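Q: Below are the structure tokens for one structure; questions will follow.
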Amino acid sequence: MYGVIFHFLRDYVIERHGGKDTWQALLEAQGYKFKLYLPVQDYPDEEIVALVETASKALNVPVPDVLEDFGSYVGPQLLTFYHMYVKDKEMNTFEVIETAGGSIHDVIHKHNPNRKPPRLSSQRESDNVLVIYYQSHRKLCPVVRGIVRGLGEKFNERFEINEIQCMHQGADRCVMRVTRVGSR
Ligand code: HEM
């Protein structure tokens with residue numbers, strides 16, 4: 001996983017879970033006294049899983065809930081960090097998801113043939129309903145849910161998310177039906 005995601009995780013822990021001391025404690029639990037994650041360097045997926053699992057135990061919050069909360073934090077950050085790909089002032093949540101599925105993840109990975117970006121696609125059922133298809137060996141569907149909610153907060157939209165099928169239940173990909181139910 002790209003170091004940029006570890007950066008976001010660090011910012012998330014510092015902002016929502018007790019500051020730099022908490023991040024330092026998480027690193028030390030992985031055996032690091034000090035660790036700097038470089039944004040465009042590739043790090044083993046296991047490292048981020050271990051960090052999230054340790055955070056989940058420390059907070060006494062289930063891993064999927066930590067991932068979803070992290071997703072809600074990271075969604076709006078992605079827009080800022082990758083502003084060259086997203087003209088967020090002219091977009092709404094569904095449009096960002098459609099762009100991410102159609103091009104962003106592929107563009108980010110195109111110089112590195114070994115990367116396995118998530119496969120994200122979507123289909124509009126109506127103005128207010130988007131069906132999201134997510135497939136990745138990382139099975140991070142709670143992050144997808146969180147990103148949808150986080151983008152919704154940014155764009156002042158509220159959503160109901162129904163998981164129609166999930167890789168964690170043996171499906172080949174996750175399918176979520178997202179209904180815009182109003183503004184915040
Ligand atoms: C501004 C738009 C977006 C940008 C710039 C972006 C960028 C990225 C980057 C850099 C990664 C790390 C990939 C890696 O290290 O291999 C990533 C992973 C991920 N992204 Fe996005 N993303 C965007 C939008 C979205 C949206 C809208 C969703 C879903 C609703 C999404 C879902 C995910 C998930 C679940 C992962 C974790 C990796 C995996 O599941 O395999 N992203 N994204």
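Within each chain, counting starts at residue 1; across the structure tokens, chains are named A, B, ... in the order shown, with ligands numbered 1 upward in that order.
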Find the spatial neighbours of A:Asp69, counting only C-alpha atoms, within a cut-off of 10 Å - ignore same-chain residues fewer than 6 positions away - and output them as a PyMOL selection string.
A: chain A and resi 12+16+63+142-143+145-147+149-150
Q: Select from stretch 47-91 of chain A everything DSSP, run on the backbone, classes as helix (DSSP H, G or I), then give the selection as a PyMOL selection string.
A: chain A and resi 47-59+63-81+88-90
Q: Could you turn the residues from that selection into a file that holds N, CA and C atoms, as an mmCIF file, in the first residue's frame?
A:
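Saved file out_20.cif follows:
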```cif
data_model
loop_
_atom_site.group_PDB
_atom_site.id
_atom_site.type_symbol
_atom_site.label_atom_id
_atom_site.label_comp_id
_atom_site.auth_asym_id
_atom_site.auth_seq_id
_atom_site.Cartn_x
_atom_site.Cartn_y
_atom_site.Cartn_z
ATOM 1 N N GLU A 47 1.452 -4.197 7.177
ATOM 2 C CA GLU A 47 1.797 -3.165 8.176
ATOM 3 C C GLU A 47 0.590 -2.319 8.540
ATOM 4 N N ILE A 48 -0.199 -1.974 7.508
ATOM 5 C CA ILE A 48 -1.351 -1.118 7.821
ATOM 6 C C ILE A 48 -2.409 -1.938 8.549
ATOM 7 N N VAL A 49 -2.518 -3.216 8.189
ATOM 8 C CA VAL A 49 -3.479 -4.089 8.880
ATOM 9 C C VAL A 49 -3.102 -4.182 10.357
ATOM 10 N N ALA A 50 -1.794 -4.375 10.639
ATOM 11 C CA ALA A 50 -1.345 -4.500 12.032
ATOM 12 C C ALA A 50 -1.625 -3.204 12.797
ATOM 13 N N LEU A 51 -1.371 -2.062 12.166
ATOM 14 C CA LEU A 51 -1.620 -0.782 12.843
ATOM 15 C C LEU A 51 -3.106 -0.638 13.180
ATOM 16 N N VAL A 52 -3.952 -0.986 12.205
ATOM 17 C CA VAL A 52 -5.397 -0.838 12.438
ATOM 18 C C VAL A 52 -5.869 -1.828 13.504
ATOM 19 N N GLU A 53 -5.310 -3.046 13.473
ATOM 20 C CA GLU A 53 -5.727 -4.029 14.483
ATOM 21 C C GLU A 53 -5.309 -3.583 15.891
ATOM 22 N N THR A 54 -4.105 -3.029 15.993
ATOM 23 C CA THR A 54 -3.662 -2.538 17.311
ATOM 24 C C THR A 54 -4.553 -1.382 17.765
ATOM 25 N N ALA A 55 -4.866 -0.480 16.833
ATOM 26 C CA ALA A 55 -5.731 0.662 17.183
ATOM 27 C C ALA A 55 -7.091 0.145 17.646
ATOM 28 N N SER A 56 -7.605 -0.853 16.945
ATOM 29 C CA SER A 56 -8.919 -1.400 17.285
ATOM 30 C C SER A 56 -8.920 -1.952 18.724
ATOM 31 N N LYS A 57 -7.842 -2.673 19.067
ATOM 32 C CA LYS A 57 -7.768 -3.225 20.437
ATOM 33 C C LYS A 57 -7.661 -2.111 21.466
ATOM 34 N N ALA A 58 -6.794 -1.122 21.161
ATOM 35 C CA ALA A 58 -6.573 -0.030 22.116
ATOM 36 C C ALA A 58 -7.856 0.773 22.332
ATOM 37 N N LEU A 59 -8.613 0.958 21.275
ATOM 38 C CA LEU A 59 -9.830 1.779 21.386
ATOM 39 C C LEU A 59 -11.034 0.960 21.817
ATOM 40 N N VAL A 63 -12.557 -3.756 14.316
ATOM 41 C CA VAL A 63 -11.749 -3.332 13.158
ATOM 42 C C VAL A 63 -12.601 -2.697 12.041
ATOM 43 N N PRO A 64 -13.741 -3.294 11.649
ATOM 44 C CA PRO A 64 -14.509 -2.664 10.558
ATOM 45 C C PRO A 64 -14.952 -1.242 10.899
ATOM 46 N N ASP A 65 -15.246 -1.008 12.184
ATOM 47 C CA ASP A 65 -15.681 0.346 12.569
ATOM 48 C C ASP A 65 -14.512 1.335 12.506
ATOM 49 N N VAL A 66 -13.313 0.869 12.898
ATOM 50 C CA VAL A 66 -12.128 1.741 12.794
ATOM 51 C C VAL A 66 -11.898 2.066 11.316
ATOM 52 N N LEU A 67 -12.007 1.038 10.467
ATOM 53 C CA LEU A 67 -11.766 1.259 9.032
ATOM 54 C C LEU A 67 -12.791 2.228 8.440
ATOM 55 N N GLU A 68 -14.046 2.072 8.868
ATOM 56 C CA GLU A 68 -15.079 2.955 8.306
ATOM 57 C C GLU A 68 -14.844 4.409 8.754
ATOM 58 N N ASP A 69 -14.488 4.553 10.027
ATOM 59 C CA ASP A 69 -14.238 5.903 10.528
ATOM 60 C C ASP A 69 -13.017 6.510 9.821
ATOM 61 N N PHE A 70 -11.998 5.668 9.622
ATOM 62 C CA PHE A 70 -10.816 6.133 8.888
ATOM 63 C C PHE A 70 -11.224 6.549 7.460
ATOM 64 N N GLY A 71 -12.072 5.738 6.822
ATOM 65 C CA GLY A 71 -12.545 6.077 5.464
ATOM 66 C C GLY A 71 -13.253 7.420 5.441
ATOM 67 N N SER A 72 -14.064 7.683 6.475
ATOM 68 C CA SER A 72 -14.814 8.944 6.488
ATOM 69 C C SER A 72 -13.860 10.130 6.650
ATOM 70 N N TYR A 73 -12.746 9.860 7.331
ATOM 71 C CA TYR A 73 -11.735 10.922 7.493
ATOM 72 C C TYR A 73 -10.971 11.124 6.189
ATOM 73 N N VAL A 74 -10.647 9.996 5.541
ATOM 74 C CA VAL A 74 -9.718 10.069 4.410
ATOM 75 C C VAL A 74 -10.391 10.561 3.115
ATOM 76 N N GLY A 75 -11.698 10.315 2.972
ATOM 77 C CA GLY A 75 -12.388 10.703 1.723
ATOM 78 C C GLY A 75 -12.113 12.151 1.335
ATOM 79 N N PRO A 76 -12.465 13.101 2.203
ATOM 80 C CA PRO A 76 -12.211 14.507 1.877
ATOM 81 C C PRO A 76 -10.717 14.832 1.726
ATOM 82 N N GLN A 77 -9.852 14.119 2.481
ATOM 83 C CA GLN A 77 -8.402 14.393 2.363
ATOM 84 C C GLN A 77 -7.893 14.016 0.971
ATOM 85 N N LEU A 78 -8.461 12.932 0.416
ATOM 86 C CA LEU A 78 -8.021 12.496 -0.916
ATOM 87 C C LEU A 78 -8.265 13.596 -1.946
ATOM 88 N N LEU A 79 -9.401 14.276 -1.775
ATOM 89 C CA LEU A 79 -9.735 15.340 -2.722
ATOM 90 C C LEU A 79 -8.702 16.452 -2.674
ATOM 91 N N THR A 80 -8.269 16.789 -1.461
ATOM 92 C CA THR A 80 -7.304 17.871 -1.312
ATOM 93 C C THR A 80 -5.933 17.435 -1.818
ATOM 94 N N PHE A 81 -5.529 16.234 -1.410
ATOM 95 C CA PHE A 81 -4.186 15.758 -1.746
ATOM 96 C C PHE A 81 -4.024 15.533 -3.245
ATOM 97 N N ASP A 88 -13.052 19.330 -7.077
ATOM 98 C CA ASP A 88 -14.096 19.038 -6.094
ATOM 99 C C ASP A 88 -15.167 20.117 -5.978
ATOM 100 N N LYS A 89 -14.843 21.343 -6.366
ATOM 101 C CA LYS A 89 -15.847 22.401 -6.215
ATOM 102 C C LYS A 89 -17.012 22.178 -7.174
ATOM 103 N N GLU A 90 -16.718 21.460 -8.286
ATOM 104 C CA GLU A 90 -17.782 21.255 -9.267
ATOM 105 C C GLU A 90 -18.418 19.882 -9.134
#
```
Q: List all protein, DNA and RNA residues that have any atom at most 8 Å from ligand 1, counting only C-alpha atoms and all ligand atoms, and write the list as an MDAnalysis selection string.
A: chainID A and resid 1:5 42 75:76 78:83 85:86 93 96:101 104:105 108:109 115:120 132 134:148 151
Q: Write to file, as an mmCIF file, in the first residue's frame, the residues of the selection just made, with C-alpha atoms.
A:
```cif
data_model
loop_
_atom_site.group_PDB
_atom_site.id
_atom_site.type_symbol
_atom_site.label_atom_id
_atom_site.label_comp_id
_atom_site.auth_asym_id
_atom_site.auth_seq_id
_atom_site.Cartn_x
_atom_site.Cartn_y
_atom_site.Cartn_z
ATOM 1 C CA MET A 1 0.000 0.000 0.000
ATOM 2 C CA TYR A 2 1.248 3.483 -0.845
ATOM 3 C CA GLY A 3 2.811 5.421 2.029
ATOM 4 C CA VAL A 4 0.308 8.206 1.459
ATOM 5 C CA ILE A 5 -2.355 5.994 3.061
ATOM 6 C CA ASP A 42 5.140 0.986 -1.433
ATOM 7 C CA GLY A 75 -12.388 10.703 1.723
ATOM 8 C CA PRO A 76 -12.211 14.507 1.877
ATOM 9 C CA LEU A 78 -8.021 12.496 -0.916
ATOM 10 C CA LEU A 79 -9.735 15.340 -2.722
ATOM 11 C CA THR A 80 -7.304 17.871 -1.312
ATOM 12 C CA PHE A 81 -4.186 15.758 -1.746
ATOM 13 C CA TYR A 82 -5.027 14.743 -5.309
ATOM 14 C CA HIS A 83 -6.620 18.023 -6.365
ATOM 15 C CA TYR A 85 -7.498 14.773 -10.559
ATOM 16 C CA VAL A 86 -10.614 16.083 -8.898
ATOM 17 C CA THR A 93 -20.116 12.476 -3.939
ATOM 18 C CA VAL A 96 -16.138 11.631 -7.259
ATOM 19 C CA ILE A 97 -16.881 7.904 -6.921
ATOM 20 C CA GLU A 98 -17.537 7.631 -10.651
ATOM 21 C CA THR A 99 -14.262 9.406 -11.459
ATOM 22 C CA ALA A 100 -12.273 7.344 -8.946
ATOM 23 C CA GLY A 101 -13.691 4.159 -10.400
ATOM 24 C CA ILE A 104 -8.104 7.857 -10.646
ATOM 25 C CA HIS A 105 -6.937 4.572 -9.153
ATOM 26 C CA ILE A 108 -2.124 6.548 -9.717
ATOM 27 C CA HIS A 109 -0.855 3.040 -10.381
ATOM 28 C CA ARG A 115 0.484 -2.603 -7.875
ATOM 29 C CA LYS A 116 -2.954 -3.990 -7.409
ATOM 30 C CA PRO A 117 -5.338 -1.041 -7.190
ATOM 31 C CA PRO A 118 -8.867 -1.636 -6.000
ATOM 32 C CA ARG A 119 -11.396 -2.203 -8.747
ATOM 33 C CA LEU A 120 -14.149 0.295 -8.251
ATOM 34 C CA ILE A 132 -20.988 0.635 -6.182
ATOM 35 C CA TYR A 134 -15.743 -2.922 -5.212
ATOM 36 C CA GLN A 135 -13.194 -5.669 -5.623
ATOM 37 C CA SER A 136 -9.772 -5.898 -4.018
ATOM 38 C CA HIS A 137 -7.699 -8.629 -2.404
ATOM 39 C CA ARG A 138 -7.526 -6.240 0.587
ATOM 40 C CA LYS A 139 -11.282 -6.515 1.195
ATOM 41 C CA LEU A 140 -11.528 -3.010 2.607
ATOM 42 C CA CYS A 141 -15.235 -2.476 2.015
ATOM 43 C CA PRO A 142 -15.660 -0.662 5.375
ATOM 44 C CA VAL A 143 -13.230 1.941 4.023
ATOM 45 C CA VAL A 144 -15.449 2.343 0.949
ATOM 46 C CA ARG A 145 -18.480 2.913 3.186
ATOM 47 C CA GLY A 146 -16.533 5.448 5.218
ATOM 48 C CA ILE A 147 -15.284 7.286 2.132
ATOM 49 C CA VAL A 148 -18.875 7.602 0.896
ATOM 50 C CA LEU A 151 -17.484 12.693 0.963
#
```
Q: Using only C-alpha atoms, which of A:Val61, A:Asn162, A:Gln30, A:Val40 sits nearest A:His17?
A: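 Among the listed residues, A:Val61 lies closest to A:His17.
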Q: In Å, how far is it from atom CA of A:Thr22 to atom CA of A:Phe8?
A: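 Atom-to-atom, atom CA of A:Thr22 and atom CA of A:Phe8 are spaced 14.5 Å apart.
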Q: Quick check, in Å to one decimal: how far apart do atom CA of A:Phe94 and atom CA of A:Gly170 lie?
A: 26.7 Å
Q: Calculate how many Å separate atom CA of A:Met176 from atom CA of A:Lys110, rounding to one decimal.
A: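 Interatomic distance, atom CA of A:Met176 to atom CA of A:Lys110: 26.8 Å.
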